[in-house]
Amino acid sequence: MSNPYKDHWENVYNTKKENEVSWYQNTPQKSIDLIKSINLDQESNIIDVGAGDSRLVDNLISLGFKNITVLDISSKSIEKSKIRLGEKSELINWVVSDINDFQSDITFDLWHDRAAFHFLKSTEKIKSYINLVNKLINNKGNLIVATFSKKGPLKCSGLEISQYDSKGISELFENFKLNHSEIYTHKTPFNTNQEFIYNILCKTN
Ligand SMILES: C[S@@+](CC[C@H](N)C(=O)[O-])C[C@H]1O[C@@H](n2cnc3c(N)ncnc32)[C@H](O)[C@@H]1O
């Protein structure tokens, strides 16, 4: 059955080159720095949720991480990352799924989400995402979630998003402790600025 939301994302990745989308980063440096700051073991289970064809996975491999899952609703985005990585793509557990339908036997020490969570608009979908992180992140595991800030754009990829501040994030993820929050200005390939908020939360129960 056709799913207009999934179709939107398949169309984006079918029609646009890697650097023709506003969220493109040649090197996702802020995410890399925050991940390094957590001092994870290289055996840690890591997932990048709504990864698209982001180069974060390439960097995670270079950092020596061995148990990496990459999830996106768009099969085309995953295919593009696999092609870019070549043989190294065999090191990765690839998942094509809507995050809210994701089921996993693996539980994670790090869950990274840049600019995917903010597309969830209904209370029901936001709650379902929170239930999922409560279930799938290990105790003392970390959640890095980056969204548009309260001063950021109202839309991303032509779709309405939810903006957040640190208070909103820490109230939503109540089983987590907010350890770090920072505003970060992303320069798009079109030379415009987008204000993000990057958060690190640690699961406390
Ligand atoms: C703005 S892009 C960000 C991509 C990547 N995280 C990055 O930083 O380059 C949003 C991504 O989230 C994915 N996405 C959006 N909603 C999703 C959902 N409900 N489940 C899984 N992936 C989703 C889209 O396909 C897209 O790749």
# chains A, B, ... in the order shown; residues from 1 in each chain; ligands from 1
$ residues_around --residues "Val49 in chain A" --least-positions-apart "5" --cutoff "7 Å" --atoms "only C-alpha atoms" --output "PyMOL selection string"
chain A and resi 70-72+112-113
$ write_last_selection --atoms "C-alpha atoms" --output "CSV table (one decimal), in the first residue's frame"
chain,number,residue,atom,x,y,z
A,70,VAL,CA,21.8,2.4,10.4
A,71,LEU,CA,18.1,2.9,10.0
A,72,ASP,CA,16.0,5.0,7.6
A,112,HIS,CA,21.9,9.0,17.5
A,113,ASP,CA,19.2,11.0,15.7
$ residues_around --residues "range 118-129 of chain A" --least-positions-apart "6" --cutoff "9 Å" --atoms "only C-alpha atoms" --output "short mmCIF file (atom, residue, chain, number, x, y, z; two decimals) with all heavy atoms, in the first residue's frame"
data_model
loop_
_atom_site.label_atom_id
_atom_site.label_comp_id
_atom_site.auth_asym_id
_atom_site.auth_seq_id
_atom_site.Cartn_x
_atom_site.Cartn_y
_atom_site.Cartn_z
N ILE A 99 10.72 4.57 11.87
CA ILE A 99 11.23 4.38 13.22
C ILE A 99 10.13 3.86 14.15
O ILE A 99 10.39 3.03 15.03
CB ILE A 99 11.91 5.67 13.78
CG1 ILE A 99 12.56 5.38 15.13
CG2 ILE A 99 10.97 6.85 13.85
CD1 ILE A 99 13.54 4.27 15.15
N ASN A 100 8.91 4.33 13.94
CA ASN A 100 7.84 3.92 14.86
C ASN A 100 7.37 2.48 14.62
O ASN A 100 6.56 1.97 15.39
CB ASN A 100 6.69 4.92 14.84
CG ASN A 100 7.03 6.15 15.69
OD1 ASN A 100 7.72 6.05 16.70
ND2 ASN A 100 6.59 7.31 15.27
N ALA A 146 19.38 15.62 17.92
CA ALA A 146 19.58 16.97 17.39
C ALA A 146 18.35 17.34 16.58
O ALA A 146 17.93 16.60 15.68
CB ALA A 146 20.83 17.02 16.52
N THR A 147 17.76 18.48 16.93
CA THR A 147 16.55 18.95 16.23
C THR A 147 16.74 20.42 15.88
O THR A 147 17.67 21.06 16.37
CB THR A 147 15.31 18.87 17.16
OG1 THR A 147 15.47 19.85 18.20
CG2 THR A 147 15.15 17.50 17.79
N PHE A 148 15.82 20.97 15.10
CA PHE A 148 15.81 22.42 14.94
C PHE A 148 15.46 23.05 16.29
O PHE A 148 14.64 22.51 17.04
CB PHE A 148 14.79 22.85 13.88
CG PHE A 148 15.24 22.61 12.46
CD1 PHE A 148 14.32 22.63 11.41
CD2 PHE A 148 16.57 22.38 12.15
CE1 PHE A 148 14.72 22.42 10.10
CE2 PHE A 148 16.99 22.18 10.83
CZ PHE A 148 16.05 22.19 9.82
N LYS A 155 10.24 24.37 8.85
CA LYS A 155 10.08 23.22 7.95
C LYS A 155 11.44 22.64 7.60
O LYS A 155 12.44 23.36 7.60
CB LYS A 155 9.38 23.65 6.66
CG LYS A 155 7.91 23.93 6.85
CD LYS A 155 7.25 24.13 5.49
CE LYS A 155 5.75 24.17 5.64
NZ LYS A 155 5.07 24.29 4.35
N CYS A 156 11.42 21.37 7.25
CA CYS A 156 12.63 20.69 6.78
C CYS A 156 12.17 19.79 5.64
O CYS A 156 11.15 19.10 5.78
CB CYS A 156 13.22 19.89 7.94
SG CYS A 156 14.76 19.05 7.60
N LEU A 159 8.54 19.79 4.87
CA LEU A 159 7.58 19.22 5.83
C LEU A 159 7.65 19.99 7.15
O LEU A 159 8.76 20.40 7.57
CB LEU A 159 7.90 17.75 6.10
CG LEU A 159 7.96 16.83 4.90
CD1 LEU A 159 8.48 15.45 5.32
CD2 LEU A 159 6.59 16.69 4.26
N GLU A 160 6.53 20.14 7.81
CA GLU A 160 6.53 20.81 9.11
C GLU A 160 7.25 19.96 10.14
O GLU A 160 7.16 18.73 10.12
CB GLU A 160 5.09 21.05 9.57
CG GLU A 160 4.46 22.16 8.79
CD GLU A 160 3.09 22.54 9.31
OE1 GLU A 160 2.64 22.00 10.32
OE2 GLU A 160 2.48 23.40 8.65
N ILE A 161 7.95 20.64 11.01
CA ILE A 161 8.69 19.94 12.08
C ILE A 161 8.29 20.53 13.44
O ILE A 161 7.61 21.54 13.50
CB ILE A 161 10.23 20.04 11.88
CG1 ILE A 161 10.71 21.51 11.81
CG2 ILE A 161 10.66 19.31 10.63
CD1 ILE A 161 11.05 22.14 13.09
N SER A 162 8.75 19.87 14.51
CA SER A 162 8.59 20.42 15.86
C SER A 162 9.93 20.99 16.28
O SER A 162 10.96 20.32 16.14
CB SER A 162 8.20 19.33 16.85
OG SER A 162 7.00 18.73 16.48
N GLN A 163 9.91 22.22 16.78
CA GLN A 163 11.13 22.83 17.30
C GLN A 163 11.25 22.50 18.79
O GLN A 163 10.24 22.35 19.47
CB GLN A 163 11.08 24.34 17.15
CG GLN A 163 10.99 24.83 15.73
CD GLN A 163 10.87 26.36 15.70
OE1 GLN A 163 10.25 26.96 16.57
NE2 GLN A 163 11.46 26.96 14.68
N TYR A 164 12.48 22.44 19.27
CA TYR A 164 12.68 22.12 20.69
C TYR A 164 13.68 23.06 21.34
O TYR A 164 14.51 23.67 20.66
CB TYR A 164 13.18 20.67 20.85
CG TYR A 164 12.12 19.65 20.52
CD1 TYR A 164 12.04 19.07 19.25
CD2 TYR A 164 11.15 19.29 21.46
CE1 TYR A 164 11.04 18.16 18.93
CE2 TYR A 164 10.15 18.38 21.15
CZ TYR A 164 10.11 17.82 19.89
OH TYR A 164 9.11 16.91 19.58
N LEU A 172 10.38 15.71 27.89
CA LEU A 172 9.84 14.60 27.10
C LEU A 172 10.50 13.27 27.45
O LEU A 172 9.83 12.26 27.63
CB LEU A 172 10.10 14.84 25.61
CG LEU A 172 9.09 15.63 24.80
CD1 LEU A 172 9.52 15.68 23.35
CD2 LEU A 172 7.70 15.04 24.92
#
$ atom_distance --atom1 "CA of Gln29 in chain A" --atom2 "CA of Leu56 in chain A"
8.7 Å
$ residues_around --residues "Phe196 in chain A" --least-positions-apart "2" --cutoff "8 Å" --atoms "only C-alpha atoms" --output "count of residues only"
11
$ residues_near_ligand --ligand "ligand 1" --cutoff "8 Å" --atoms "only C-alpha atoms and all ligand atoms" --output "PyMOL selection string"
chain A and resi 5-6+9-10+22-25+28+48-56+71-74+77+96-100+113-117+119-120+156-157
$ decode --residues "range 12-24 of chain A" --atoms "all heavy atoms" --output "PDB file, in the first residue's frame"
ATOM      1  N   VAL A  12      12.943  12.222  -2.464  1.00  0.00           N
ATOM      2  CA  VAL A  12      14.081  13.106  -2.157  1.00  0.00           C
ATOM      3  C   VAL A  12      15.386  12.418  -2.554  1.00  0.00           C
ATOM      4  O   VAL A  12      16.221  12.980  -3.279  1.00  0.00           O
ATOM      5  CB  VAL A  12      14.107  13.462  -0.642  1.00  0.00           C
ATOM      6  CG1 VAL A  12      15.445  14.081  -0.245  1.00  0.00           C
ATOM      7  CG2 VAL A  12      12.954  14.383  -0.274  1.00  0.00           C
ATOM      8  N   TYR A  13      15.564  11.168  -2.096  1.00  0.00           N
ATOM      9  CA  TYR A  13      16.850  10.504  -2.331  1.00  0.00           C
ATOM     10  C   TYR A  13      16.988   9.997  -3.773  1.00  0.00           C
ATOM     11  O   TYR A  13      18.108   9.791  -4.245  1.00  0.00           O
ATOM     12  CB  TYR A  13      17.071   9.383  -1.295  1.00  0.00           C
ATOM     13  CG  TYR A  13      17.335   9.963   0.085  1.00  0.00           C
ATOM     14  CD1 TYR A  13      16.363   9.921   1.087  1.00  0.00           C
ATOM     15  CD2 TYR A  13      18.539  10.605   0.380  1.00  0.00           C
ATOM     16  CE1 TYR A  13      16.596  10.471   2.336  1.00  0.00           C
ATOM     17  CE2 TYR A  13      18.776  11.164   1.627  1.00  0.00           C
ATOM     18  CZ  TYR A  13      17.808  11.101   2.602  1.00  0.00           C
ATOM     19  OH  TYR A  13      18.049  11.655   3.841  1.00  0.00           O
ATOM     20  N   ASN A  14      15.864   9.834  -4.464  1.00  0.00           N
ATOM     21  CA  ASN A  14      15.935   9.452  -5.879  1.00  0.00           C
ATOM     22  C   ASN A  14      16.261  10.630  -6.783  1.00  0.00           C
ATOM     23  O   ASN A  14      16.787  10.447  -7.874  1.00  0.00           O
ATOM     24  CB  ASN A  14      14.607   8.834  -6.329  1.00  0.00           C
ATOM     25  CG  ASN A  14      14.584   7.335  -6.129  1.00  0.00           C
ATOM     26  OD1 ASN A  14      15.490   6.631  -6.586  1.00  0.00           O
ATOM     27  ND2 ASN A  14      13.576   6.846  -5.428  1.00  0.00           N
ATOM     28  N   THR A  15      15.916  11.842  -6.345  1.00  0.00           N
ATOM     29  CA  THR A  15      16.025  12.985  -7.259  1.00  0.00           C
ATOM     30  C   THR A  15      17.139  13.957  -6.891  1.00  0.00           C
ATOM     31  O   THR A  15      17.512  14.796  -7.712  1.00  0.00           O
ATOM     32  CB  THR A  15      14.686  13.767  -7.321  1.00  0.00           C
ATOM     33  OG1 THR A  15      14.334  14.166  -6.000  1.00  0.00           O
ATOM     34  CG2 THR A  15      13.568  12.932  -7.908  1.00  0.00           C
ATOM     35  N   LYS A  16      17.632  13.891  -5.650  1.00  0.00           N
ATOM     36  CA  LYS A  16      18.647  14.875  -5.236  1.00  0.00           C
ATOM     37  C   LYS A  16      19.989  14.200  -4.997  1.00  0.00           C
ATOM     38  O   LYS A  16      20.043  13.102  -4.438  1.00  0.00           O
ATOM     39  CB  LYS A  16      18.216  15.564  -3.941  1.00  0.00           C
ATOM     40  CG  LYS A  16      16.852  16.210  -4.025  1.00  0.00           C
ATOM     41  CD  LYS A  16      16.907  17.636  -3.546  1.00  0.00           C
ATOM     42  CE  LYS A  16      15.514  18.220  -3.442  1.00  0.00           C
ATOM     43  NZ  LYS A  16      15.240  19.216  -4.450  1.00  0.00           N
ATOM     44  N   LYS A  17      21.041  14.914  -5.393  1.00  0.00           N
ATOM     45  CA  LYS A  17      22.387  14.436  -5.075  1.00  0.00           C
ATOM     46  C   LYS A  17      22.634  14.667  -3.588  1.00  0.00           C
ATOM     47  O   LYS A  17      21.952  15.484  -2.954  1.00  0.00           O
ATOM     48  CB  LYS A  17      23.417  15.204  -5.886  1.00  0.00           C
ATOM     49  CG  LYS A  17      23.340  14.939  -7.369  1.00  0.00           C
ATOM     50  CD  LYS A  17      24.708  15.240  -8.017  1.00  0.00           C
ATOM     51  CE  LYS A  17      24.611  15.110  -9.515  1.00  0.00           C
ATOM     52  NZ  LYS A  17      24.424  16.390 -10.206  1.00  0.00           N
ATOM     53  N   GLU A  18      23.674  13.975  -3.084  1.00  0.00           N
ATOM     54  CA  GLU A  18      23.993  14.037  -1.653  1.00  0.00           C
ATOM     55  C   GLU A  18      24.036  15.469  -1.119  1.00  0.00           C
ATOM     56  O   GLU A  18      23.492  15.770  -0.064  1.00  0.00           O
ATOM     57  CB  GLU A  18      25.344  13.338  -1.459  1.00  0.00           C
ATOM     58  CG  GLU A  18      25.769  13.182  -0.037  1.00  0.00           C
ATOM     59  CD  GLU A  18      27.200  12.658   0.076  1.00  0.00           C
ATOM     60  OE1 GLU A  18      27.984  12.747  -0.897  1.00  0.00           O
ATOM     61  OE2 GLU A  18      27.542  12.174   1.172  1.00  0.00           O
ATOM     62  N   ASN A  19      24.708  16.366  -1.892  1.00  0.00           N
ATOM     63  CA  ASN A  19      24.898  17.728  -1.380  1.00  0.00           C
ATOM     64  C   ASN A  19      23.842  18.706  -1.893  1.00  0.00           C
ATOM     65  O   ASN A  19      24.032  19.910  -1.850  1.00  0.00           O
ATOM     66  CB  ASN A  19      26.307  18.233  -1.709  1.00  0.00           C
ATOM     67  CG  ASN A  19      26.530  18.324  -3.203  1.00  0.00           C
ATOM     68  OD1 ASN A  19      25.660  17.935  -3.990  1.00  0.00           O
ATOM     69  ND2 ASN A  19      27.678  18.839  -3.611  1.00  0.00           N
ATOM     70  N   GLU A  20      22.732  18.159  -2.362  1.00  0.00           N
ATOM     71  CA  GLU A  20      21.630  19.032  -2.819  1.00  0.00           C
ATOM     72  C   GLU A  20      20.484  19.079  -1.814  1.00  0.00           C
ATOM     73  O   GLU A  20      19.385  19.501  -2.137  1.00  0.00           O
ATOM     74  CB  GLU A  20      21.100  18.548  -4.177  1.00  0.00           C
ATOM     75  CG  GLU A  20      22.072  18.828  -5.307  1.00  0.00           C
ATOM     76  CD  GLU A  20      21.609  18.261  -6.648  1.00  0.00           C
ATOM     77  OE1 GLU A  20      20.657  17.450  -6.695  1.00  0.00           O
ATOM     78  OE2 GLU A  20      22.238  18.628  -7.656  1.00  0.00           O
ATOM     79  N   VAL A  21      20.739  18.579  -0.598  1.00  0.00           N
ATOM     80  CA  VAL A  21      19.717  18.672   0.460  1.00  0.00           C
ATOM     81  C   VAL A  21      20.269  19.548   1.580  1.00  0.00           C
ATOM     82  O   VAL A  21      21.485  19.570   1.829  1.00  0.00           O
ATOM     83  CB  VAL A  21      19.338  17.264   0.997  1.00  0.00           C
ATOM     84  CG1 VAL A  21      18.627  16.447  -0.064  1.00  0.00           C
ATOM     85  CG2 VAL A  21      20.550  16.519   1.546  1.00  0.00           C
ATOM     86  N   SER A  22      19.370  20.265   2.238  1.00  0.00           N
ATOM     87  CA  SER A  22      19.808  21.282   3.211  1.00  0.00           C
ATOM     88  C   SER A  22      20.610  20.678   4.355  1.00  0.00           C
ATOM     89  O   SER A  22      21.464  21.335   4.939  1.00  0.00           O
ATOM     90  CB  SER A  22      18.594  22.034   3.762  1.00  0.00           C
ATOM     91  OG  SER A  22      17.714  21.117   4.380  1.00  0.00           O
ATOM     92  N   TRP A  23      20.333  19.420   4.714  1.00  0.00           N
ATOM     93  CA  TRP A  23      20.962  18.823   5.897  1.00  0.00           C
ATOM     94  C   TRP A  23      22.333  18.205   5.608  1.00  0.00           C
ATOM     95  O   TRP A  23      22.997  17.690   6.515  1.00  0.00           O
ATOM     96  CB  TRP A  23      20.040  17.762   6.519  1.00  0.00           C
ATOM     97  CG  TRP A  23      19.567  16.681   5.580  1.00  0.00           C
ATOM     98  CD1 TRP A  23      20.170  15.471   5.358  1.00  0.00           C
ATOM     99  CD2 TRP A  23      18.397  16.706   4.751  1.00  0.00           C
ATOM    100  NE1 TRP A  23      19.451  14.752   4.429  1.00  0.00           N
ATOM    101  CE2 TRP A  23      18.350  15.477   4.043  1.00  0.00           C
ATOM    102  CE3 TRP A  23      17.376  17.631   4.534  1.00  0.00           C
ATOM    103  CZ2 TRP A  23      17.332  15.169   3.141  1.00  0.00           C
ATOM    104  CZ3 TRP A  23      16.365  17.321   3.632  1.00  0.00           C
ATOM    105  CH2 TRP A  23      16.349  16.108   2.959  1.00  0.00           C
ATOM    106  N   TYR A  24      22.805  18.304   4.360  1.00  0.00           N
ATOM    107  CA  TYR A  24      24.087  17.675   3.997  1.00  0.00           C
ATOM    108  C   TYR A  24      25.255  18.209   4.835  1.00  0.00           C
ATOM    109  O   TYR A  24      25.371  19.410   5.067  1.00  0.00           O
ATOM    110  CB  TYR A  24      24.387  17.934   2.511  1.00  0.00           C
ATOM    111  CG  TYR A  24      25.785  17.542   2.105  1.00  0.00           C
ATOM    112  CD1 TYR A  24      26.137  16.199   1.998  1.00  0.00           C
ATOM    113  CD2 TYR A  24      26.762  18.510   1.877  1.00  0.00           C
ATOM    114  CE1 TYR A  24      27.425  15.831   1.655  1.00  0.00           C
ATOM    115  CE2 TYR A  24      28.062  18.141   1.526  1.00  0.00           C
ATOM    116  CZ  TYR A  24      28.381  16.799   1.421  1.00  0.00           C
ATOM    117  OH  TYR A  24      29.664  16.439   1.087  1.00  0.00           O
TER     118      TYR A  24
END
